[in-house]
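Structure file coords_23.cif; described as mmCIF, C-alpha atoms.
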data_upload
loop_
_atom_site.group_PDB
_atom_site.id
_atom_site.type_symbol
_atom_site.label_atom_id
_atom_site.label_comp_id
_atom_site.auth_asym_id
_atom_site.auth_seq_id
_atom_site.Cartn_x
_atom_site.Cartn_y
_atom_site.Cartn_z
ATOM 1 C CA MET A 1 0.000 0.000 0.000
ATOM 2 C CA ARG A 2 1.058 3.566 -0.643
ATOM 3 C CA PHE A 3 0.228 6.151 2.044
ATOM 4 C CA GLU A 4 -0.074 9.814 1.037
ATOM 5 C CA GLU A 5 -0.773 12.320 3.803
ATOM 6 C CA THR A 6 -3.273 15.038 2.888
ATOM 7 C CA GLU A 7 -2.941 18.719 3.819
ATOM 8 C CA LEU A 8 -4.916 17.872 7.000
ATOM 9 C CA ALA A 9 -2.339 16.221 9.278
ATOM 10 C CA GLY A 10 -3.175 12.625 10.112
ATOM 11 C CA ALA A 11 -5.576 12.125 7.177
ATOM 12 C CA PHE A 12 -4.200 9.829 4.478
ATOM 13 C CA LEU A 13 -5.092 8.615 1.006
ATOM 14 C CA ILE A 14 -4.197 4.936 0.795
ATOM 15 C CA GLU A 15 -3.595 3.344 -2.595
ATOM 16 C CA PRO A 16 -3.529 -0.438 -3.008
ATOM 17 C CA GLU A 17 -0.596 -1.900 -4.922
ATOM 18 C CA PRO A 18 -2.136 -4.661 -7.060
ATOM 19 C CA ARG A 19 -0.152 -7.764 -8.002
ATOM 20 C CA ARG A 20 -1.486 -8.767 -11.387
ATOM 21 C CA ASP A 21 -1.501 -12.043 -13.264
ATOM 22 C CA GLU A 22 -3.722 -13.791 -15.816
ATOM 23 C CA ARG A 23 -6.522 -14.157 -13.233
ATOM 24 C CA GLY A 24 -6.705 -10.427 -12.441
ATOM 25 C CA PHE A 25 -5.005 -9.015 -9.368
ATOM 26 C CA PHE A 26 -4.640 -9.258 -5.613
ATOM 27 C CA ALA A 27 -4.042 -6.248 -3.340
ATOM 28 C CA ARG A 28 -3.841 -5.732 0.395
ATOM 29 C CA THR A 29 -6.187 -3.047 1.735
ATOM 30 C CA PHE A 30 -5.268 -3.167 5.415
ATOM 31 C CA ALA A 31 -2.144 -4.258 7.295
ATOM 32 C CA ARG A 32 -1.859 -3.497 11.008
ATOM 33 C CA GLU A 33 1.917 -3.031 10.916
ATOM 34 C CA GLU A 34 1.808 -0.607 7.951
ATOM 35 C CA PHE A 35 -0.963 1.465 9.535
ATOM 36 C CA ALA A 36 0.921 1.543 12.862
ATOM 37 C CA ALA A 37 4.109 2.657 11.078
ATOM 38 C CA HIS A 38 2.172 5.746 9.864
ATOM 39 C CA GLY A 39 0.693 6.429 13.319
ATOM 40 C CA LEU A 40 -2.815 5.343 12.283
ATOM 41 C CA ALA A 41 -5.384 3.429 14.339
ATOM 42 C CA THR A 42 -4.940 -0.307 13.896
ATOM 43 C CA ASP A 43 -7.999 -1.766 15.648
ATOM 44 C CA VAL A 44 -11.072 -2.482 13.552
ATOM 45 C CA VAL A 45 -14.061 -2.795 15.875
ATOM 46 C CA HIS A 46 -16.768 -2.857 13.228
ATOM 47 C CA ALA A 47 -17.329 -2.418 9.522
ATOM 48 C CA SER A 48 -20.354 -1.075 7.660
ATOM 49 C CA ILE A 49 -21.557 -0.391 4.134
ATOM 50 C CA ALA A 50 -23.862 2.325 2.809
ATOM 51 C CA TRP A 51 -25.691 2.019 -0.502
ATOM 52 C CA ASN A 52 -26.908 5.142 -2.283
ATOM 53 C CA ALA A 53 -29.621 4.767 -4.902
ATOM 54 C CA ALA A 54 -29.189 8.115 -6.657
ATOM 55 C CA ALA A 55 -26.355 10.382 -7.739
ATOM 56 C CA GLY A 56 -26.419 13.686 -5.865
ATOM 57 C CA THR A 57 -27.233 12.062 -2.500
ATOM 58 C CA VAL A 58 -25.218 13.524 0.392
ATOM 59 C CA ARG A 59 -24.524 11.657 3.639
ATOM 60 C CA GLY A 60 -22.996 13.499 6.557
ATOM 61 C CA LEU A 61 -20.969 15.254 7.740
ATOM 62 C CA HIS A 62 -20.850 12.947 10.805
ATOM 63 C CA PHE A 63 -18.534 12.564 13.794
ATOM 64 C CA GLN A 64 -18.408 11.121 17.311
ATOM 65 C CA ARG A 65 -17.279 13.234 20.257
ATOM 66 C CA PRO A 66 -14.512 12.116 22.613
ATOM 67 C CA PRO A 67 -14.147 9.833 24.448
ATOM 68 C CA HIS A 68 -15.884 7.896 21.650
ATOM 69 C CA ALA A 69 -14.232 9.703 18.724
ATOM 70 C CA GLU A 70 -13.676 7.296 15.854
ATOM 71 C CA ALA A 71 -11.145 6.882 13.091
ATOM 72 C CA LYS A 72 -12.508 5.531 9.796
ATOM 73 C CA LEU A 73 -11.103 3.885 6.724
ATOM 74 C CA VAL A 74 -13.517 4.716 3.872
ATOM 75 C CA ARG A 75 -13.543 3.085 0.444
ATOM 76 C CA CYS A 76 -16.021 3.239 -2.455
ATOM 77 C CA THR A 77 -16.688 -0.361 -3.538
ATOM 78 C CA HIS A 78 -19.187 0.378 -6.338
ATOM 79 C CA GLY A 79 -19.684 3.619 -8.223
ATOM 80 C CA ALA A 80 -18.018 6.866 -7.110
ATOM 81 C CA VAL A 81 -18.244 9.484 -4.360
ATOM 82 C CA PHE A 82 -16.812 12.883 -3.573
ATOM 83 C CA ASP A 83 -15.580 12.285 -0.026
ATOM 84 C CA VAL A 84 -15.143 15.217 2.383
ATOM 85 C CA ILE A 85 -13.523 15.519 5.800
ATOM 86 C CA VAL A 86 -13.380 18.494 8.165
ATOM 87 C CA ASP A 87 -10.751 18.874 10.900
ATOM 88 C CA LEU A 88 -12.526 19.353 14.253
ATOM 89 C CA ARG A 89 -9.403 19.343 16.446
ATOM 90 C CA PRO A 90 -9.437 22.768 18.180
ATOM 91 C CA GLU A 91 -5.672 22.633 18.762
ATOM 92 C CA SER A 92 -4.938 21.968 15.074
ATOM 93 C CA PRO A 93 -3.639 24.680 12.727
ATOM 94 C CA THR A 94 -6.156 23.321 10.185
ATOM 95 C CA TYR A 95 -9.174 23.484 12.547
ATOM 96 C CA LEU A 96 -12.406 23.676 10.482
ATOM 97 C CA ARG A 97 -10.525 23.260 7.193
ATOM 98 C CA SER A 98 -11.845 20.649 4.788
ATOM 99 C CA PHE A 99 -10.380 18.222 2.287
ATOM 100 C CA GLY A 100 -12.301 16.560 -0.540
ATOM 101 C CA VAL A 101 -11.319 13.745 -2.879
ATOM 102 C CA ARG A 102 -12.948 11.418 -5.391
ATOM 103 C CA LEU A 103 -13.096 7.799 -4.256
ATOM 104 C CA ASP A 104 -14.288 5.239 -6.785
ATOM 105 C CA ALA A 105 -14.469 1.527 -7.373
ATOM 106 C CA GLU A 106 -12.011 1.757 -10.256
ATOM 107 C CA SER A 107 -9.092 3.290 -8.317
ATOM 108 C CA ARG A 108 -9.921 1.348 -5.128
ATOM 109 C CA ARG A 109 -8.117 3.960 -3.050
ATOM 110 C CA ALA A 110 -9.282 4.674 0.490
ATOM 111 C CA LEU A 111 -9.353 7.708 2.755
ATOM 112 C CA TYR A 112 -8.179 7.359 6.340
ATOM 113 C CA VAL A 113 -10.211 9.750 8.508
ATOM 114 C CA PRO A 114 -8.583 10.465 11.894
ATOM 115 C CA GLU A 115 -10.434 10.784 15.185
ATOM 116 C CA ARG A 116 -12.106 14.170 15.769
ATOM 117 C CA PHE A 117 -12.836 14.748 12.080
ATOM 118 C CA ALA A 118 -16.264 15.102 10.489
ATOM 119 C CA HIS A 119 -16.864 12.910 7.442
ATOM 120 C CA GLY A 120 -19.397 12.916 4.627
ATOM 121 C CA TYR A 121 -19.719 12.330 0.921
ATOM 122 C CA GLN A 122 -21.824 12.853 -2.172
ATOM 123 C CA ALA A 123 -22.682 9.935 -4.466
ATOM 124 C CA LEU A 124 -21.495 10.808 -7.977
ATOM 125 C CA LEU A 125 -23.221 7.857 -9.681
ATOM 126 C CA ASP A 126 -26.449 5.953 -9.140
ATOM 127 C CA ALA A 127 -26.135 2.701 -7.155
ATOM 128 C CA THR A 128 -22.982 3.722 -5.299
ATOM 129 C CA GLU A 129 -21.755 1.703 -2.319
ATOM 130 C CA VAL A 130 -19.289 2.838 0.348
ATOM 131 C CA ALA A 131 -17.525 0.566 2.863
ATOM 132 C CA TYR A 132 -16.273 1.780 6.245
ATOM 133 C CA GLN A 133 -14.018 0.271 8.897
ATOM 134 C CA MET A 134 -14.074 1.981 12.321
ATOM 135 C CA ASN A 135 -11.780 1.703 15.323
ATOM 136 C CA VAL A 136 -14.491 2.211 17.986
ATOM 137 C CA ALA A 137 -18.103 1.132 18.354
ATOM 138 C CA TYR A 138 -20.933 3.458 17.448
ATOM 139 C CA HIS A 139 -22.038 5.430 20.509
ATOM 140 C CA PRO A 140 -25.401 7.180 19.902
ATOM 141 C CA GLY A 141 -24.936 9.726 22.701
ATOM 142 C CA SER A 142 -21.662 10.915 21.178
ATOM 143 C CA GLN A 143 -22.844 11.459 17.615
ATOM 144 C CA GLY A 144 -22.790 14.848 16.005
ATOM 145 C CA GLY A 145 -22.835 16.441 12.620
ATOM 146 C CA LEU A 146 -22.216 19.458 10.454
ATOM 147 C CA ARG A 147 -24.532 20.639 7.716
ATOM 148 C CA HIS A 148 -23.421 19.938 4.158
ATOM 149 C CA ASP A 149 -24.535 23.450 3.194
ATOM 150 C CA ASP A 150 -23.112 25.380 6.159
ATOM 151 C CA PRO A 151 -21.846 28.724 4.774
ATOM 152 C CA ALA A 152 -19.000 28.713 7.317
ATOM 153 C CA LEU A 153 -17.589 25.542 5.710
ATOM 154 C CA ALA A 154 -18.132 26.738 2.113
ATOM 155 C CA LEU A 155 -18.064 23.175 0.761
ATOM 156 C CA SER A 156 -18.377 22.821 -2.992
ATOM 157 C CA TRP A 157 -20.225 19.647 -3.988
ATOM 158 C CA PRO A 158 -19.610 18.458 -7.580
ATOM 159 C CA LEU A 159 -23.310 17.766 -8.322
ATOM 160 C CA PRO A 160 -26.525 19.478 -7.307
ATOM 161 C CA VAL A 161 -27.532 18.026 -3.921
ATOM 162 C CA THR A 162 -30.642 15.909 -4.537
ATOM 163 C CA LEU A 163 -31.213 13.991 -1.291
ATOM 164 C CA VAL A 164 -30.150 14.579 2.325
ATOM 165 C CA SER A 165 -31.659 12.872 5.375
ATOM 166 C CA GLU A 166 -33.861 14.866 7.762
ATOM 167 C CA ARG A 167 -31.286 14.334 10.508
ATOM 168 C CA ASP A 168 -28.462 15.713 8.362
ATOM 169 C CA ARG A 169 -30.524 18.754 7.340
ATOM 170 C CA ALA A 170 -31.258 19.499 11.029
ATOM 171 C CA TRP A 171 -27.681 19.863 12.335
ATOM 172 C CA PRO A 172 -27.127 23.394 13.684
ATOM 173 C CA LEU A 173 -25.023 25.872 11.746
ATOM 174 C CA LEU A 174 -21.469 26.471 12.959
ATOM 175 C CA ALA A 175 -22.337 30.093 13.761
ATOM 176 C CA GLN A 176 -24.429 28.765 16.675
ATOM 177 C CA ALA A 177 -22.731 25.419 17.410
ATOM 178 C CA GLU A 178 -19.009 26.218 17.160
ATOM 179 C CA PRO A 179 -18.332 27.192 20.814
ATOM 180 C CA GLU A 180 -19.856 23.917 22.052
ATOM 181 C CA LEU A 181 -18.176 21.950 19.259
ATOM 182 C CA ARG A 182 -14.788 23.414 20.199
ATOM 183 C CA ARG A 183 -15.331 22.468 23.868
ATOM 184 C CA ALA A 184 -16.567 18.937 23.074
ATOM 185 C CA MET A 185 -13.739 18.122 20.658
ATOM 186 C CA ARG A 186 -10.888 19.190 22.957
ATOM 187 C CA LEU A 187 -8.550 16.524 24.197
ATOM 188 C CA PRO A 188 -8.784 15.938 27.954
ATOM 189 C CA GLU A 189 -6.200 17.791 30.017
ATOM 190 C CA PRO A 190 -3.358 15.473 31.126
ATOM 191 C CA ALA A 191 -3.386 14.538 34.781
ATOM 192 C CA PRO A 192 -0.849 16.457 36.887
ATOM 193 C CA PRO A 193 2.303 14.500 37.803
ATOM 194 C CA GLY A 194 1.775 12.360 40.868
ATOM 195 C CA ALA A 195 -2.006 12.569 40.641
#

Let me see the structure of the file written as structure tokens.
Amino acid sequence: MRFEETELAGAFLIEPEPRRDERGFFARTFAREEFAAHGLATDVVHASIAWNAAAGTVRGLHFQRPPHAEAKLVRCTHGAVFDVIVDLRPESPTYLRSFGVRLDAESRRALYVPERFAHGYQALLDATEVAYQMNVAYHPGSQGGLRHDDPALALSWPLPVTLVSERDRAWPLLAQAEPELRRAMRLPEPAPPGA
């Protein structure tokens, strides 16, 4: 696998390196030791898929608050998506900056989404499927989200947005939610020595 760090520290594009022969090819998509060597989460607690019937559908932008913040490995297994992440780490120089990339079944590349990032995507083709691997279990009380059309994020989706869930349309705008978001996404203060 080839690991390419994005402009948001800790977020990586991961390209498989296929070994081809007359049958087709074989490629590794996850190796604990290679992920660990890049400082990435190595535990996979659960995996999920999402199927999107129509191009233009937007899912997200979703996250889990600490202490249940999750890292994700996201791959498009059928069709294509425009995948977007937003850095929610208040201490980061790229706080609230976004990164977007096309993921598709043809390239088979994946996006590693670090903990304390929001994640979402837009289906670019009908019948698109996305596969996720997460390092922590889903915790309903820790879920949160950002609106795909929040003017403070100024995200540019490649297609007109045709379908968004009621839940995703109802997330508050950053103008109201940002102080609480900043507080919730902070890392806990380290315990004093000898405590």

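Closest approach to Met1 in chain A among A:Pro172, A:Pro188, A:Pro18, A:Pro158 is made by A:Pro18 (distances from only C-alpha atoms).
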
With all atoms listed in the file as the counted atoms, please give the residues lying no more than 12 Å from Glu106 in chain A, apart from itself and same-chain residues fewer than 5 positions off, as a list of chain:residue names. A:Glu15, A:Pro16, A:Arg75, A:Cys76, A:Thr77, A:His78, A:Gly79, A:Ala80, A:Val81

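Closest to Arg182 in chain A among A:Arg89, A:Arg108, A:Arg169, A:His119 is A:Arg89, based on only C-alpha atoms.
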
With a distance cut-off of 7 Å and all atoms listed in the file, select the neighbouring residues of Leu61 in chain A, excluding the residue or stretch itself and same-chain residues fewer than 3 positions from it, and output the selection as a ChimeraX atom specification. /A:118-120,145-148

Would you work out the distance separating CA of Ala9 in chain A from CA of Thr42 in chain A, expressed in Å to one decimal?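 Pair CA of Ala9 in chain A / CA of Thr42 in chain A returns 17.4 Å.
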
Between CA of Ile49 in chain A and CA of Met134 in chain A, what is the distance, to one decimal in Å?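 For CA of Ile49 in chain A relative to CA of Met134 in chain A, the distance reads 11.3 Å.
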
Counting all atoms listed in the file, figure out which residue out of A:Ala11, A:Val86, A:Leu181, A:Val101 gets nearest to Gly39 in chain A.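 Smallest separation from Gly39 in chain A among the options: A:Ala11.
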
Counting only C-alpha atoms, the residue of A:Ala53, A:Ala152, A:Leu96, A:Leu163 that sits nearest Val130 in chain A: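 When distances to Val130 in chain A are compared using only C-alpha atoms, the smallest one comes from A:Ala53.
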
Can we get range 7-61 of chain A of that structure written down with C-alpha atoms, as a PDB file, in the first residue's frame?
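The resulting file, result_36.pdb, is shown below:
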ATOM      1  CA  GLU A   7      -2.941  18.719   3.819  1.00  0.00           C
ATOM      2  CA  LEU A   8      -4.916  17.872   7.000  1.00  0.00           C
ATOM      3  CA  ALA A   9      -2.339  16.221   9.278  1.00  0.00           C
ATOM      4  CA  GLY A  10      -3.175  12.625  10.112  1.00  0.00           C
ATOM      5  CA  ALA A  11      -5.576  12.125   7.177  1.00  0.00           C
ATOM      6  CA  PHE A  12      -4.200   9.829   4.478  1.00  0.00           C
ATOM      7  CA  LEU A  13      -5.092   8.615   1.006  1.00  0.00           C
ATOM      8  CA  ILE A  14      -4.197   4.936   0.795  1.00  0.00           C
ATOM      9  CA  GLU A  15      -3.595   3.344  -2.595  1.00  0.00           C
ATOM     10  CA  PRO A  16      -3.529  -0.438  -3.008  1.00  0.00           C
ATOM     11  CA  GLU A  17      -0.596  -1.900  -4.922  1.00  0.00           C
ATOM     12  CA  PRO A  18      -2.136  -4.661  -7.060  1.00  0.00           C
ATOM     13  CA  ARG A  19      -0.152  -7.764  -8.002  1.00  0.00           C
ATOM     14  CA  ARG A  20      -1.486  -8.767 -11.387  1.00  0.00           C
ATOM     15  CA  ASP A  21      -1.501 -12.043 -13.264  1.00  0.00           C
ATOM     16  CA  GLU A  22      -3.722 -13.791 -15.816  1.00  0.00           C
ATOM     17  CA  ARG A  23      -6.522 -14.157 -13.233  1.00  0.00           C
ATOM     18  CA  GLY A  24      -6.705 -10.427 -12.441  1.00  0.00           C
ATOM     19  CA  PHE A  25      -5.005  -9.015  -9.368  1.00  0.00           C
ATOM     20  CA  PHE A  26      -4.640  -9.258  -5.613  1.00  0.00           C
ATOM     21  CA  ALA A  27      -4.042  -6.248  -3.340  1.00  0.00           C
ATOM     22  CA  ARG A  28      -3.841  -5.732   0.395  1.00  0.00           C
ATOM     23  CA  THR A  29      -6.187  -3.047   1.735  1.00  0.00           C
ATOM     24  CA  PHE A  30      -5.268  -3.167   5.415  1.00  0.00           C
ATOM     25  CA  ALA A  31      -2.144  -4.258   7.295  1.00  0.00           C
ATOM     26  CA  ARG A  32      -1.859  -3.497  11.008  1.00  0.00           C
ATOM     27  CA  GLU A  33       1.917  -3.031  10.916  1.00  0.00           C
ATOM     28  CA  GLU A  34       1.808  -0.607   7.951  1.00  0.00           C
ATOM     29  CA  PHE A  35      -0.963   1.465   9.535  1.00  0.00           C
ATOM     30  CA  ALA A  36       0.921   1.543  12.862  1.00  0.00           C
ATOM     31  CA  ALA A  37       4.109   2.657  11.078  1.00  0.00           C
ATOM     32  CA  HIS A  38       2.172   5.746   9.864  1.00  0.00           C
ATOM     33  CA  GLY A  39       0.693   6.429  13.319  1.00  0.00           C
ATOM     34  CA  LEU A  40      -2.815   5.343  12.283  1.00  0.00           C
ATOM     35  CA  ALA A  41      -5.384   3.429  14.339  1.00  0.00           C
ATOM     36  CA  THR A  42      -4.940  -0.307  13.896  1.00  0.00           C
ATOM     37  CA  ASP A  43      -7.999  -1.766  15.648  1.00  0.00           C
ATOM     38  CA  VAL A  44     -11.072  -2.482  13.552  1.00  0.00           C
ATOM     39  CA  VAL A  45     -14.061  -2.795  15.875  1.00  0.00           C
ATOM     40  CA  HIS A  46     -16.768  -2.857  13.228  1.00  0.00           C
ATOM     41  CA  ALA A  47     -17.329  -2.418   9.522  1.00  0.00           C
ATOM     42  CA  SER A  48     -20.354  -1.075   7.660  1.00  0.00           C
ATOM     43  CA  ILE A  49     -21.557  -0.391   4.134  1.00  0.00           C
ATOM     44  CA  ALA A  50     -23.862   2.325   2.809  1.00  0.00           C
ATOM     45  CA  TRP A  51     -25.691   2.019  -0.502  1.00  0.00           C
ATOM     46  CA  ASN A  52     -26.908   5.142  -2.283  1.00  0.00           C
ATOM     47  CA  ALA A  53     -29.621   4.767  -4.902  1.00  0.00           C
ATOM     48  CA  ALA A  54     -29.189   8.115  -6.657  1.00  0.00           C
ATOM     49  CA  ALA A  55     -26.355  10.382  -7.739  1.00  0.00           C
ATOM     50  CA  GLY A  56     -26.419  13.686  -5.865  1.00  0.00           C
ATOM     51  CA  THR A  57     -27.233  12.062  -2.500  1.00  0.00           C
ATOM     52  CA  VAL A  58     -25.218  13.524   0.392  1.00  0.00           C
ATOM     53  CA  ARG A  59     -24.524  11.657   3.639  1.00  0.00           C
ATOM     54  CA  GLY A  60     -22.996  13.499   6.557  1.00  0.00           C
ATOM     55  CA  LEU A  61     -20.969  15.254   7.740  1.00  0.00           C
TER      56      LEU A  61
END
